[in-house]
Structures are given as structure tokens and as C-alpha cells.
Amino acid sequence: MIIDTHVHIGTMLNFDMKEEHITYMMKEYGIDHCIVSNSECATHDHFQNPIPEKYVKNHIDTNERVIDFARKNEGKISVALWVNPYEDVSTIEPLIIKNRDIVKAVKFHPFHSKLKFSSDEIQNYIKLSEKYNLTVVTHTGDGECDDVKLVYEMALKYPDVNFVMVHMGLGTDNNEAINLISKLPNLYGDTTWVSIESTLNFLRICGDDKIVFGSDAPIDGKDTYLDNGKGDRSLYQAYFNEFKDMVSSETYDKIMYKNAMKLFDIKDV
């Protein structure tokens with residue numbers, strides 16, 4: 001069984017990620033469940049310049065779209081609400097109340113909002129996540145806004161909230177993220193663009209209960225699990241194949257689905 005905890009829909013900048021891409025890749029590559037967020041309310045581009053307002057959708061519309069997708073695929077799709085932290089936190093709460101059965105997380109992308117993860121605006125949403133017992137998932141890299149240390153600080157400040165460091169510091173060797181995750185019980189990592197070597201290092205330092213499988217699919221198209229859109233073998237082929245022989249079957253199952261079921265309260269798979 002495989003649960004992918006980091007999947008997207010939405011047209012944003014150079015990405016065009018469609019619902020049909022997800023249903024295709026789940027069938028083609030044997031993915032049993034996905035946690036999906038909609039990227040269309042990102043406010044800043046790849047250089048952290050503001051995206052023109054006419055191209056930024058409000059986070060109610062974007063999240064209603066992904067909720068509708070989940071409702072049409074009951075038991076297969078759950079929702080991570082990608083929020084725009086510049087919008088008032090009260091705007092998103094009714095969606096959580098109405099759809100708490102399929103809403104499993106609140107998603108942040110500090111780089112594409114150009115807002116530090118420790119900002120007051122984001123903390124307002126962390127407090128909302130705490131109120132509804134939702135896991136917080138956030139992009140991490142090596143920049144001023146998405147530094148892994150900021151996530152550690154927030155996990156320390158909000159011990160009743162579970163946090164996932166997506167990418168465990170994209171563009172780094174992942175070591176700093178791994179060491180920080182080892183220090184707190186409510187801090188987790190994921191495998192999105194994380195090498196097998198780093199994941200094995202994670203297991204040595206943190207054990208096998210605090211990491212979940214994620215991919216960013218279909219960021220490279222509907223066959224993201226196969227290649228990078230340019231014909232190069234996808235990293236995830238190694239997770240689906242060689243990695244099985246590097247760890248115990250119990251550890252493999254924990255990373256690929258069991259940890260996700262616990263962390264995100266997923267029952268219907």
C-alpha cells in the first residue's frame with residue numbers, strides 16, 4: 001500500500017497539475033491514497049516577486065475545488081488546505097468545519113508567499129490547526145522564509161500541533177532538518193525530492209516513525225513517478241523498488257503508508 005502525502009492540483013506559474021493527472025497516476029503506479037492541495041493561491045513567483053493579482057485565486061475558491069475533487073473520489077483523496085496567510089484566518093474556518101472528515105492538514109508555502117514561517121500571519125493559521133487537530137505541512141528550503149529552523153521553533157512553541165517539514169530543506173543535504181526533527185516528538189519529515197541516502201540517514205537518527213512518503217506529483221506531469229519529464233528516471237522509482245531491499249518490510253510499510261495513516265488520521269483506504 002502507498003499513501004502519497006504531498007500531491008497538487010492547480011495551474012501556477014509553469015505548473016499545470018490536473019485532477020485527471022492524479023487519477024491516472026494512482027491507477028498506473030498503484031497509489032492507494034493521496035493528500036492533495038491546490039497551488040493556485042500562491043502569491044509570489046520562483047524569484048519571490050509578487051504574482052499579478054489577476055492570476056492569484058482566493059484560497060476559498062482554490063480549496064473548494066480540491067474539496068470537490070476529494071468528494072468525487074471518496075476514500076482515495078484527502079485534502080491539505082493550501083492557505084494564503086495574507087487572508088484573514090476566519091475565512092477558511094467554515095470550510096474546515098463543513099469538511100473536517102476529508103480535510104487532514106493545513107498547507108503552507110512560505111517561499112511562494114514570501115512570508116517567514118514564524119510570522120504572526122502564519123501563526124494565526126497554526127493556532128487554527130491546533131483548534132481542529134490538523135497537521136501542519138510546510139515547504140522547507142534554505143531561504144529566509146522557509147528555513148527549517150523556523151519550523152523547529154514553531155513546533156517547539158506549539159507542542160500540541162504536528163508539523164511536517166516537506167523536503168526537509170530543499171536544496172540542502174537534509175542533515176540540519178534531520179537533526180532538528182530528532183529533537184521534538186511533534187516534528188516530522190517527508191521524502192519529497194529527498195534522496196534515498198538522506199532517508200536512510202534519517203532512519204539512523206530519528207527512527208522509522210517520523211517520516212512519510214511524499215512526491216510533489218504531478219509536478220513533472222502525469223508520469224512524475226516514472227521520470228522528470230525529460231526522460232530521466234524519477235527518484236521515486238528507487239522508493240518503489242530498490243528501497244524495499246534496503247530496509248525491513250515493517251519500516252518500508254511505515255514510511256509508505258502506516259505513518260501517514262496515523263499522522264493524518266486516514267482510515268478509509
# chains A, B, ... in the order shown; residues from 1 in each chain; ligands from 1
>>> select_by_dssp(residues="stretch 64-113 of chain A", states="helix (DSSP H, G or I)", output="ChimeraX atom specification")
/A:64-72,89-91,93-99,110-113
>>> write_last_selection(atoms="N, CA and C atoms", output="CSV table (one decimal), in the first residue's frame")
chain,number,residue,atom,x,y,z
A,64,GLU,N,-12.1,25.0,-2.3
A,64,GLU,CA,-13.4,24.4,-2.6
A,64,GLU,C,-13.2,23.4,-3.8
A,65,ARG,N,-12.3,23.8,-4.7
A,65,ARG,CA,-12.0,22.9,-5.9
A,65,ARG,C,-11.5,21.6,-5.5
A,66,VAL,N,-10.5,21.6,-4.6
A,66,VAL,CA,-9.8,20.4,-4.2
A,66,VAL,C,-10.8,19.6,-3.3
A,67,ILE,N,-11.6,20.2,-2.5
A,67,ILE,CA,-12.6,19.5,-1.7
A,67,ILE,C,-13.6,18.8,-2.6
A,68,ASP,N,-14.0,19.5,-3.7
A,68,ASP,CA,-14.9,18.8,-4.6
A,68,ASP,C,-14.2,17.6,-5.3
A,69,PHE,N,-13.0,17.7,-5.6
A,69,PHE,CA,-12.2,16.6,-6.1
A,69,PHE,C,-12.2,15.4,-5.1
A,70,ALA,N,-12.0,15.7,-3.9
A,70,ALA,CA,-11.9,14.7,-2.9
A,70,ALA,C,-13.3,14.0,-2.7
A,71,ARG,N,-14.4,14.8,-2.7
A,71,ARG,CA,-15.7,14.3,-2.6
A,71,ARG,C,-16.1,13.3,-3.7
A,72,LYS,N,-15.5,13.6,-4.9
A,72,LYS,CA,-15.8,12.7,-6.1
A,72,LYS,C,-14.9,11.5,-6.0
A,89,VAL,N,-7.7,34.7,8.8
A,89,VAL,CA,-7.8,33.3,9.1
A,89,VAL,C,-9.3,32.8,9.3
A,90,SER,N,-10.2,33.8,9.6
A,90,SER,CA,-11.6,33.4,9.7
A,90,SER,C,-12.2,33.0,8.4
A,91,THR,N,-11.6,33.3,7.3
A,91,THR,CA,-12.2,33.0,6.0
A,91,THR,C,-12.2,31.5,5.7
A,93,GLU,N,-12.1,28.9,8.1
A,93,GLU,CA,-12.6,28.1,9.2
A,93,GLU,C,-13.9,27.4,8.8
A,94,PRO,N,-14.9,28.1,8.1
A,94,PRO,CA,-16.1,27.4,7.7
A,94,PRO,C,-15.8,26.2,6.8
A,95,LEU,N,-14.8,26.2,6.0
A,95,LEU,CA,-14.5,25.1,5.1
A,95,LEU,C,-14.0,23.9,6.0
A,96,ILE,N,-13.3,24.2,7.0
A,96,ILE,CA,-12.8,23.1,7.9
A,96,ILE,C,-14.0,22.5,8.6
A,97,ILE,N,-14.8,23.3,9.2
A,97,ILE,CA,-16.0,22.8,9.9
A,97,ILE,C,-16.9,21.9,9.1
A,98,LYS,N,-17.1,22.3,7.9
A,98,LYS,CA,-18.0,21.6,6.9
A,98,LYS,C,-17.4,20.3,6.4
A,99,ASN,N,-16.1,20.3,6.3
A,99,ASN,CA,-15.4,19.2,5.6
A,99,ASN,C,-14.3,18.5,6.4
A,110,PRO,N,5.9,29.0,2.5
A,110,PRO,CA,6.5,30.3,2.9
A,110,PRO,C,7.3,30.9,1.7
A,111,PHE,N,7.9,30.1,0.9
A,111,PHE,CA,8.7,30.7,-0.2
A,111,PHE,C,7.7,31.4,-1.2
A,112,HIS,N,6.6,30.8,-1.6
A,112,HIS,CA,5.7,31.3,-2.6
A,112,HIS,C,4.7,32.3,-1.9
A,113,SER,N,4.8,32.5,-0.6
A,113,SER,CA,4.1,33.6,0.0
A,113,SER,C,5.0,34.7,0.5
>>> residues_around(residues="A:Phe15", least_positions_apart="2", cutoff="12 Å", atoms="only C-alpha atoms", output="list in words")
His8, Ile9, Gly10, Thr11, Met12, Leu13, Met17, Lys18, Asn38, Ser39, Glu40, Ala42, Asp45, His46, Asp216, Ala217, Pro218, Ile219, Asp220, Gly221 and Lys222 of chain A
>>> write_last_selection(atoms="N, CA and C atoms", output="PDB file, in the first residue's frame")
ATOM      1  N   HIS A   8      -0.443  17.695  -5.693  1.00  0.00           N
ATOM      2  CA  HIS A   8      -1.029  19.004  -6.010  1.00  0.00           C
ATOM      3  C   HIS A   8      -1.969  18.949  -7.207  1.00  0.00           C
ATOM      4  N   ILE A   9      -2.920  19.888  -7.201  1.00  0.00           N
ATOM      5  CA  ILE A   9      -3.600  20.292  -8.416  1.00  0.00           C
ATOM      6  C   ILE A   9      -3.371  21.794  -8.568  1.00  0.00           C
ATOM      7  N   GLY A  10      -3.698  22.307  -9.764  1.00  0.00           N
ATOM      8  CA  GLY A  10      -3.643  23.754  -9.945  1.00  0.00           C
ATOM      9  C   GLY A  10      -2.686  24.197 -11.028  1.00  0.00           C
ATOM     10  N   THR A  11      -3.057  25.298 -11.668  1.00  0.00           N
ATOM     11  CA  THR A  11      -2.187  25.952 -12.635  1.00  0.00           C
ATOM     12  C   THR A  11      -1.525  27.128 -11.942  1.00  0.00           C
ATOM     13  N   MET A  12      -0.214  27.052 -11.786  1.00  0.00           N
ATOM     14  CA  MET A  12       0.527  28.073 -11.053  1.00  0.00           C
ATOM     15  C   MET A  12       1.902  28.229 -11.692  1.00  0.00           C
ATOM     16  N   LEU A  13       2.182  29.440 -12.208  1.00  0.00           N
ATOM     17  CA  LEU A  13       3.443  29.702 -12.890  1.00  0.00           C
ATOM     18  C   LEU A  13       3.624  28.701 -14.034  1.00  0.00           C
ATOM     19  N   MET A  17      -1.163  21.228 -13.097  1.00  0.00           N
ATOM     20  CA  MET A  17      -1.397  19.938 -12.449  1.00  0.00           C
ATOM     21  C   MET A  17      -2.907  19.689 -12.366  1.00  0.00           C
ATOM     22  N   LYS A  18      -3.364  18.691 -13.081  1.00  0.00           N
ATOM     23  CA  LYS A  18      -4.789  18.442 -13.272  1.00  0.00           C
ATOM     24  C   LYS A  18      -5.277  17.277 -12.418  1.00  0.00           C
ATOM     25  N   ASN A  38      -4.177  22.570  -3.465  1.00  0.00           N
ATOM     26  CA  ASN A  38      -4.302  23.367  -4.687  1.00  0.00           C
ATOM     27  C   ASN A  38      -3.355  24.560  -4.602  1.00  0.00           C
ATOM     28  N   SER A  39      -2.470  24.668  -5.575  1.00  0.00           N
ATOM     29  CA  SER A  39      -1.403  25.668  -5.538  1.00  0.00           C
ATOM     30  C   SER A  39      -1.818  27.050  -6.048  1.00  0.00           C
ATOM     31  N   GLU A  40      -3.049  27.219  -6.472  1.00  0.00           N
ATOM     32  CA  GLU A  40      -3.416  28.413  -7.234  1.00  0.00           C
ATOM     33  C   GLU A  40      -3.557  29.696  -6.407  1.00  0.00           C
ATOM     34  N   ALA A  42      -1.015  30.704  -4.472  1.00  0.00           N
ATOM     35  CA  ALA A  42       0.354  31.204  -4.234  1.00  0.00           C
ATOM     36  C   ALA A  42       0.425  32.669  -4.658  1.00  0.00           C
ATOM     37  N   ASP A  45       6.251  34.425  -7.164  1.00  0.00           N
ATOM     38  CA  ASP A  45       6.790  33.521  -8.170  1.00  0.00           C
ATOM     39  C   ASP A  45       8.084  32.860  -7.703  1.00  0.00           C
ATOM     40  N   HIS A  46       8.789  32.224  -8.627  1.00  0.00           N
ATOM     41  CA  HIS A  46      10.001  31.482  -8.272  1.00  0.00           C
ATOM     42  C   HIS A  46      11.142  32.385  -7.822  1.00  0.00           C
ATOM     43  N   ASP A 216       5.342  15.469  -4.501  1.00  0.00           N
ATOM     44  CA  ASP A 216       5.103  16.680  -5.296  1.00  0.00           C
ATOM     45  C   ASP A 216       4.395  16.374  -6.616  1.00  0.00           C
ATOM     46  N   ALA A 217       4.012  15.135  -6.842  1.00  0.00           N
ATOM     47  CA  ALA A 217       3.330  14.783  -8.093  1.00  0.00           C
ATOM     48  C   ALA A 217       2.015  15.559  -8.220  1.00  0.00           C
ATOM     49  N   PRO A 218       1.610  15.879  -9.440  1.00  0.00           N
ATOM     50  CA  PRO A 218       2.245  15.612 -10.729  1.00  0.00           C
ATOM     51  C   PRO A 218       3.052  16.813 -11.255  1.00  0.00           C
ATOM     52  N   ILE A 219       3.995  17.279 -10.466  1.00  0.00           N
ATOM     53  CA  ILE A 219       4.749  18.486 -10.807  1.00  0.00           C
ATOM     54  C   ILE A 219       5.521  18.328 -12.118  1.00  0.00           C
ATOM     55  N   ASP A 220       5.940  17.097 -12.434  1.00  0.00           N
ATOM     56  CA  ASP A 220       6.624  16.834 -13.694  1.00  0.00           C
ATOM     57  C   ASP A 220       5.715  16.127 -14.696  1.00  0.00           C
ATOM     58  N   GLY A 221       4.406  16.305 -14.534  1.00  0.00           N
ATOM     59  CA  GLY A 221       3.454  15.658 -15.419  1.00  0.00           C
ATOM     60  C   GLY A 221       2.871  14.393 -14.822  1.00  0.00           C
ATOM     61  N   LYS A 222       1.979  13.772 -15.564  1.00  0.00           N
ATOM     62  CA  LYS A 222       1.235  12.632 -15.031  1.00  0.00           C
ATOM     63  C   LYS A 222       2.121  11.423 -14.751  1.00  0.00           C
TER      64      LYS A 222
END
>>> residues_around(residues="A:Pro85", least_positions_apart="4", cutoff="10 Å", atoms="only C-alpha atoms", output="list in words")
Cys41, Ala42, Thr43, His59, Val89, Phe108, His109, Pro110, Ser113, Leu115, Phe117, Ser119, Asp120, Glu121, Ile122, Gln123, Asn124 and Tyr125 of chain A
>>> residues_around(residues="A:Lys210", least_positions_apart="5", cutoff="10 Å", atoms="only C-alpha atoms", output="NGL selection string")
:A and (164 or 181-182 or 185-190 or 202-203 or 254-255 or 259-260 or 263)
>>> write_last_selection(atoms="N, CA and C atoms", output="PDB file, in the first residue's frame")
ATOM      1  N   VAL A 164       5.049  18.847   9.622  1.00  0.00           N
ATOM      2  CA  VAL A 164       5.836  18.088   8.650  1.00  0.00           C
ATOM      3  C   VAL A 164       6.720  19.052   7.871  1.00  0.00           C
ATOM      4  N   ILE A 181      14.470  17.434  13.571  1.00  0.00           N
ATOM      5  CA  ILE A 181      13.328  16.522  13.720  1.00  0.00           C
ATOM      6  C   ILE A 181      13.565  15.543  14.859  1.00  0.00           C
ATOM      7  N   SER A 182      14.807  15.147  15.047  1.00  0.00           N
ATOM      8  CA  SER A 182      15.118  14.172  16.103  1.00  0.00           C
ATOM      9  C   SER A 182      14.892  14.732  17.506  1.00  0.00           C
ATOM     10  N   PRO A 185       9.054  15.545  19.461  1.00  0.00           N
ATOM     11  CA  PRO A 185       8.137  14.456  19.109  1.00  0.00           C
ATOM     12  C   PRO A 185       7.070  14.859  18.100  1.00  0.00           C
ATOM     13  N   ASN A 186       6.815  16.154  17.935  1.00  0.00           N
ATOM     14  CA  ASN A 186       5.751  16.611  17.034  1.00  0.00           C
ATOM     15  C   ASN A 186       6.281  17.142  15.710  1.00  0.00           C
ATOM     16  N   LEU A 187       7.519  16.785  15.370  1.00  0.00           N
ATOM     17  CA  LEU A 187       8.149  17.263  14.148  1.00  0.00           C
ATOM     18  C   LEU A 187       8.499  16.065  13.263  1.00  0.00           C
ATOM     19  N   TYR A 188       8.049  16.130  12.002  1.00  0.00           N
ATOM     20  CA  TYR A 188       8.184  15.014  11.063  1.00  0.00           C
ATOM     21  C   TYR A 188       8.860  15.479   9.768  1.00  0.00           C
ATOM     22  N   GLY A 189       9.311  14.509   8.967  1.00  0.00           N
ATOM     23  CA  GLY A 189       9.855  14.791   7.657  1.00  0.00           C
ATOM     24  C   GLY A 189       9.074  14.071   6.581  1.00  0.00           C
ATOM     25  N   ASP A 190       9.342  14.432   5.313  1.00  0.00           N
ATOM     26  CA  ASP A 190       8.785  13.656   4.209  1.00  0.00           C
ATOM     27  C   ASP A 190       9.865  13.414   3.164  1.00  0.00           C
ATOM     28  N   PHE A 202      18.150   9.533   7.894  1.00  0.00           N
ATOM     29  CA  PHE A 202      17.027   9.889   8.767  1.00  0.00           C
ATOM     30  C   PHE A 202      16.671   8.699   9.671  1.00  0.00           C
ATOM     31  N   LEU A 203      16.577   7.535   9.081  1.00  0.00           N
ATOM     32  CA  LEU A 203      16.186   6.351   9.847  1.00  0.00           C
ATOM     33  C   LEU A 203      17.200   6.034  10.939  1.00  0.00           C
ATOM     34  N   LYS A 254       5.828   1.475   7.141  1.00  0.00           N
ATOM     35  CA  LYS A 254       5.626   2.688   7.940  1.00  0.00           C
ATOM     36  C   LYS A 254       5.837   3.938   7.089  1.00  0.00           C
ATOM     37  N   ILE A 255       6.903   3.958   6.319  1.00  0.00           N
ATOM     38  CA  ILE A 255       7.210   5.141   5.521  1.00  0.00           C
ATOM     39  C   ILE A 255       6.200   5.325   4.403  1.00  0.00           C
ATOM     40  N   ASN A 259       2.680   5.390   8.730  1.00  0.00           N
ATOM     41  CA  ASN A 259       2.885   6.645   9.451  1.00  0.00           C
ATOM     42  C   ASN A 259       1.886   7.707   9.001  1.00  0.00           C
ATOM     43  N   ALA A 260       1.602   7.737   7.724  1.00  0.00           N
ATOM     44  CA  ALA A 260       0.648   8.719   7.187  1.00  0.00           C
ATOM     45  C   ALA A 260      -0.753   8.482   7.741  1.00  0.00           C
ATOM     46  N   LEU A 263      -0.609   9.937  11.287  1.00  0.00           N
ATOM     47  CA  LEU A 263      -0.355  11.375  11.342  1.00  0.00           C
ATOM     48  C   LEU A 263      -1.526  12.181  10.812  1.00  0.00           C
TER      49      LEU A 263
END
>>> closest_residue(among="A:Val136, A:Ile31, A:Ile266, A:Ile205", to="A:Leu81", atoms="only C-alpha atoms")
A:Val136
>>> atom_distance(atom1="atom CA of A:Leu200", atom2="atom CA of A:Tyr225")
20.0 Å
>>> closest_residue(among="A:Ser195, A:Tyr158, A:Asn63, A:Lys230", to="A:Ser215", atoms="only C-alpha atoms")
A:Ser195
>>> residues_around(residues="A:Val36", least_positions_apart="6", cutoff="6 Å", atoms="only C-alpha atoms", output="JSON, numbers by chain")
{"A": [7, 8, 79, 80]}
>>> select_by_dssp(residues="stretch 84-259 of chain A", states="strand (DSSP E or B)", output="PyMOL selection string")
chain A and resi 103-108+135-139+141+147+163-166+187-190+211-212+227+233
>>> closest_residue(among="A:Asp265, A:Met165, A:Gly30, A:Asp146", to="A:His6", atoms="only C-alpha atoms")
A:Met165
>>> closest_residue(among="A:Asp268, A:Asp142, A:Asp101, A:Glu197", to="A:Leu235", atoms="only C-alpha atoms")
A:Glu197
>>> residues_around(residues="A:Thr5", least_positions_apart="2", cutoff="6 Å", atoms="only C-alpha atoms", output="number ranges by chain")
A: 34-35, 214
>>> residues_around(residues="A:Asn175", least_positions_apart="3", cutoff="9 Å", atoms="only C-alpha atoms", output="short mmCIF file (atom, residue, chain, number, x, y, z; two decimals) with N, CA and C atoms, in the first residue's frame")
data_model
loop_
_atom_site.label_atom_id
_atom_site.label_comp_id
_atom_site.auth_asym_id
_atom_site.auth_seq_id
_atom_site.Cartn_x
_atom_site.Cartn_y
_atom_site.Cartn_z
N MET A 168 12.43 18.52 3.81
CA MET A 168 13.48 18.54 4.83
C MET A 168 14.65 19.45 4.42
N GLY A 169 14.28 20.63 3.90
CA GLY A 169 15.28 21.60 3.48
C GLY A 169 15.68 21.40 2.03
N THR A 172 19.32 21.28 0.16
CA THR A 172 20.37 21.05 1.16
C THR A 172 20.67 19.56 1.23
N ILE A 178 17.05 16.87 9.60
CA ILE A 178 17.01 15.58 10.28
C ILE A 178 17.38 15.73 11.75
N ASN A 179 18.41 16.49 12.04
CA ASN A 179 18.82 16.69 13.43
C ASN A 179 17.76 17.42 14.24
N LEU A 180 17.11 18.40 13.62
CA LEU A 180 16.04 19.13 14.32
C LEU A 180 14.84 18.23 14.57
N SER A 198 19.64 10.16 2.11
CA SER A 198 19.19 11.00 3.21
C SER A 198 18.12 10.32 4.04
N ASN A 201 19.76 7.92 6.30
CA ASN A 201 20.37 8.67 7.39
C ASN A 201 19.31 9.09 8.40
N PHE A 202 18.15 9.53 7.89
CA PHE A 202 17.03 9.89 8.77
C PHE A 202 16.67 8.70 9.67
#
>>> closest_residue(among="A:Asn14, A:Ile77, A:Ile196, A:Val212", to="A:Lys244", atoms="only C-alpha atoms")
A:Ile196
